[in-house]
Amino acid sequence: MQDFWVSLILTLDATLRVSTPLLFAALAGLFSERSGIVDIGLEGKMLVGAFAAATVASVSGSVWLGLLMAIVASVCFALLHGFACITHRGNQVVSGVAINILASGLTVVLGLAWFHQGGSTPALTNDQRFTAITLPFAEQVADVPFIGLLYSELLSGHNILVYLAFALVPLSWWVLYRTRFGLRLRAVGENPKAVDTAGISVASLRYRAVIIAGVLCGFAGAYLATAQNAQFIRDMTAGQGFMALAALIFAKWRPWPILFACLLFGFLDAVAVRLQGVTLPGIGLVPVQLIEALPYLLTVILLAGFIGKANPPKAIGVPYVKER
Amino acid sequence: MKAATLNKFLSVFLLPLLNILTAFIFTTILFLVIGIDPWEAAKILVQGAFGYEEGIGYTLYYTTNFIFTGLAVAIAFHAGLFNIGGEGQAYIAGLGVSLVALGLGSFLPPWLLLPLAILAAAAFGAAWAAIPAYLQAYRGSHIVITTIMFNFLAASLMVYLLVNLFSEPGQGMPASRAFPETASLWTWQEFMAAFGIEFAASPLNISLILALVCCVAVWVFLWKTRWGYELRTVGANPEAAIYAGINPKRIVMLAMLLSGALAGFVAVNELLGVQHRLVLGFNTGYGFAGIAVALMGRNHPIGVMLAALLFGALYQGGAELAFEIPSVTRDVVVVIQGLIILFSGALEFMYRAPLQRWLLRFAREA
C-alpha cells in the first residue's frame, strides 16, 4: 500500500512537470483561437522561445533575461502570424505550418553557427535555470504518513513556472469571462461583424490575442529549455505544441477543462514513461506507444462527436473583411 | 492585353517568382548573419545539385518524393481541403508495401509483386486519409486537426509495429528484415543500361517515371474528367456545387482518397526503390515539404513538378553544402522551405493586391 502510494505520488509529481508546458501552450491557443485565429504554430513559437531562453541564459547567465528573450522571440513569431492572418488575410493554417517549419530550421541553423554543438546550446548551470522551490515546512512534514508525502513531494519542490502555469488557469478564466476585454475577445471570435459595428477594431483585438498567445508560448519554451531541461536541443518541443492544441480542442476551448485535459495528457505521458518495458500480469508487455497515442486518439474521437460536442468559435479561421 | 490575361500572367509567373525571390533574400540575410558568403554557398548548392551525374541522380530522387506529396496536397486543395497528413499517409503506405514485399515476396514473380506492392502503397495511404475524410464529411470534425492527429497516430503505430512485429532481434535501429530481391525497383542506372546508356549510381529509380505519370494523370483527372470538374467545383463553391447536383461529401472522400494514395507513393520510392526494408521515419519531412511544393506550384501539376525539382535541388545541394561547410547543416533548406510556405502561402496576398492594381493601371494606359 505504502509502495503504491509512493509511486502514485511520484507519477502525479511527474504529471505536473509534464503538464506545465502543455498548459502554457494550450492557454496560448485558447486566447488566439477564441479571437478567431487558428494557431497551428504553438509548436514553433515554443521552440523559438526555448532556443532564445537557453541562448540568452547561457550567454548572459541570467535566467530571467532568458525568459524575457523567450517571450520577445515568441511574440515576434506571433506578430508574423498576425501580420499574415490579420493584416493580409492569409490562410491561418498555412501561416502556422510556415511558422513551425521556420522555427524548426532557424533554431538549429543559428544554434549550430553560434555554439557549434550540433544545434544544441551549452548546458546551463543551476544558477542559469529555474530550480525547485521548497514550500515552507515541506521538510518538516515529509515524515507524516500520506499527507506528508503529498505536500513535500507533490506540491512542494517545483520551479516557479509550474506554479505560474497553474495560476494562469483561473487568471485566464477571469480575463476571458469577467473583463470587458475578454467579452470583446470572445465576441470577435464568434461574430466579428457585430464587434466592428459596435465601433471596436477587429484587427486590434485579434492582434492583442495573438500577442498574448506569443507571451504564453514564450513561457512554455523557457520552461522546456531552462526549467525542465538545462539546454536547448534541436526540435525539443517534440510535438508538445500539437499535444497542447489537442488539449485545447479536447477541452472545447474553455479554461478550466483545459487544466483537466492538460493534466490528463500529462498523466498519460508520465504513466507511459513509468511503464516503459514493464510487464503487467494478464496484459504482458505494456504497449507504451498506445498510451502515448491516447491523447490524439481521444481528441479525434471527441471531434468526431462521440464524446459530447465540440463547438469551436464560430468565426475561427475566417479572415475578417470590413465592408465598405 | 486583357485584364484576365494579365491576372493569369501575374499568378502563374510573376507572383511565384517574387515569392521565391523574397524567400531567397531572407536566406541571403540568414547566410550573412551566420557568417557565410552567400554567393559561395549558392555556387556549392547549384554545383552539388546539378554539377555531376550522381548529384543529378540524388536531386531527381528527392524530386520524386516531392512530386508525390506536392500532388497529394494540391489535389486536396482543389477540393478546398487542406491535407496536412501526407506525412502519416506516406508512413502507413510503407506498412502496405512491407506487408506485400515480405509476405508475398518469396513466391510471386517481380512483374506481379511490384504492381501489387505499389497498389498496396496507394491503398494503405488512401485508407489512412479515408478516416479523416469520413470524419470531415459525415461527422463534422475539421480535416486539418484530424490529419495532424493522424500523423502522430501513424508515428506511434509504426514505432509499435516496427519494434514488436517487424524488427529482428539484435538490431540497433528498429527496421524490418530486408525485402526479397524480387521486390526492388530498377535503379535509374539499371534502367538506363537497358538502353545502353551509362548513368552514375544513385538512389534515383524508376519511381520517377511513376511520379511523372501521376502528374499527367492528375492533370487529366482534374481538368478533363467529370469527377475532376465536380471536385474543383466543390473547392470553388460548395454551396453552388450542391445546387449543381454534386454531393460534396462524396467529393471530400474522393479527393482525400486520391490525396492519400499519392502521398503513399513516397513509400514506393523510399522502400521499393532505395531502402529495401521498412525503416523508422523514412517519411520524415516529405509530407510537410509537399505543402510548400503545392503552394509554390500553384496546385498545378506542371507547377508542382517545377517546385519539386527546386526542392529536390535544394535538398541535394543542401547536403553538399553541409559537407563543404561544416558550420552549416541541411536545416538551412528547412528554413528556405519555411520561408517559401510563408511568402507563397500565408502572405500570398501581400504582393498580389498592389501588383494587381499596378498591372491594371498599366493595362488601361496601354
# chains A, B, ... in the order shown; residues from 1 in each chain; ligands from 1
>>> interface_residues(of="chain B", to="chain A", cutoff="7 Å", atoms="only C-alpha atoms", output="count of residues only")
27
>>> residues_around(residues="segment 258-271 of chain A", least_positions_apart="5", cutoff="7 Å", atoms="only C-alpha atoms", output="list in words")
Thr11, Leu12, Ala14, Thr15, Val18, Ser19, Leu22, Leu23, Val169, Ala247, Leu248, Phe250, Ala251, Ile291, Glu292 and Pro295 of chain A
>>> select_by_dssp(residues="segment 274-321 of chain A", states="helix (DSSP H, G or I)", output="list in words")
Arg274, Val288, Gln289, Leu290, Ile291, Glu292, Ala293, Leu294, Pro295, Tyr296, Leu297, Leu298, Thr299, Val300, Ile301, Leu302 and Leu303 of chain A
>>> closest_residue(among="B:Ile67, B:Ala41, B:Leu95, B:Leu280", to="Phe124 of chain B", atoms="only C-alpha atoms")
B:Leu95
>>> residues_around(residues="Gln189 of chain B", least_positions_apart="5", cutoff="10 Å", atoms="only C-alpha atoms", output="mmCIF file with C-alpha atoms, in the first residue's frame")
data_model
loop_
_atom_site.group_PDB
_atom_site.id
_atom_site.type_symbol
_atom_site.label_atom_id
_atom_site.label_comp_id
_atom_site.auth_asym_id
_atom_site.auth_seq_id
_atom_site.Cartn_x
_atom_site.Cartn_y
_atom_site.Cartn_z
ATOM 1 C CA GLY B 57 20.563 11.437 -59.541
ATOM 2 C CA ALA B 194 18.803 -1.307 -70.731
ATOM 3 C CA ILE B 197 23.254 4.494 -71.680
ATOM 4 C CA GLU B 198 25.602 4.784 -68.746
ATOM 5 C CA PHE B 199 24.373 6.619 -65.667
ATOM 6 C CA ALA B 200 26.138 7.006 -62.322
ATOM 7 C CA ALA B 201 24.890 5.017 -59.327
ATOM 8 C CA SER B 202 22.435 6.955 -57.172
ATOM 9 C CA PRO B 203 19.203 6.319 -55.252
ATOM 10 C CA LEU B 204 17.252 7.510 -58.303
ATOM 11 C CA ASN B 205 14.970 4.743 -59.521
ATOM 12 C CA ILE B 206 12.087 4.269 -61.897
#
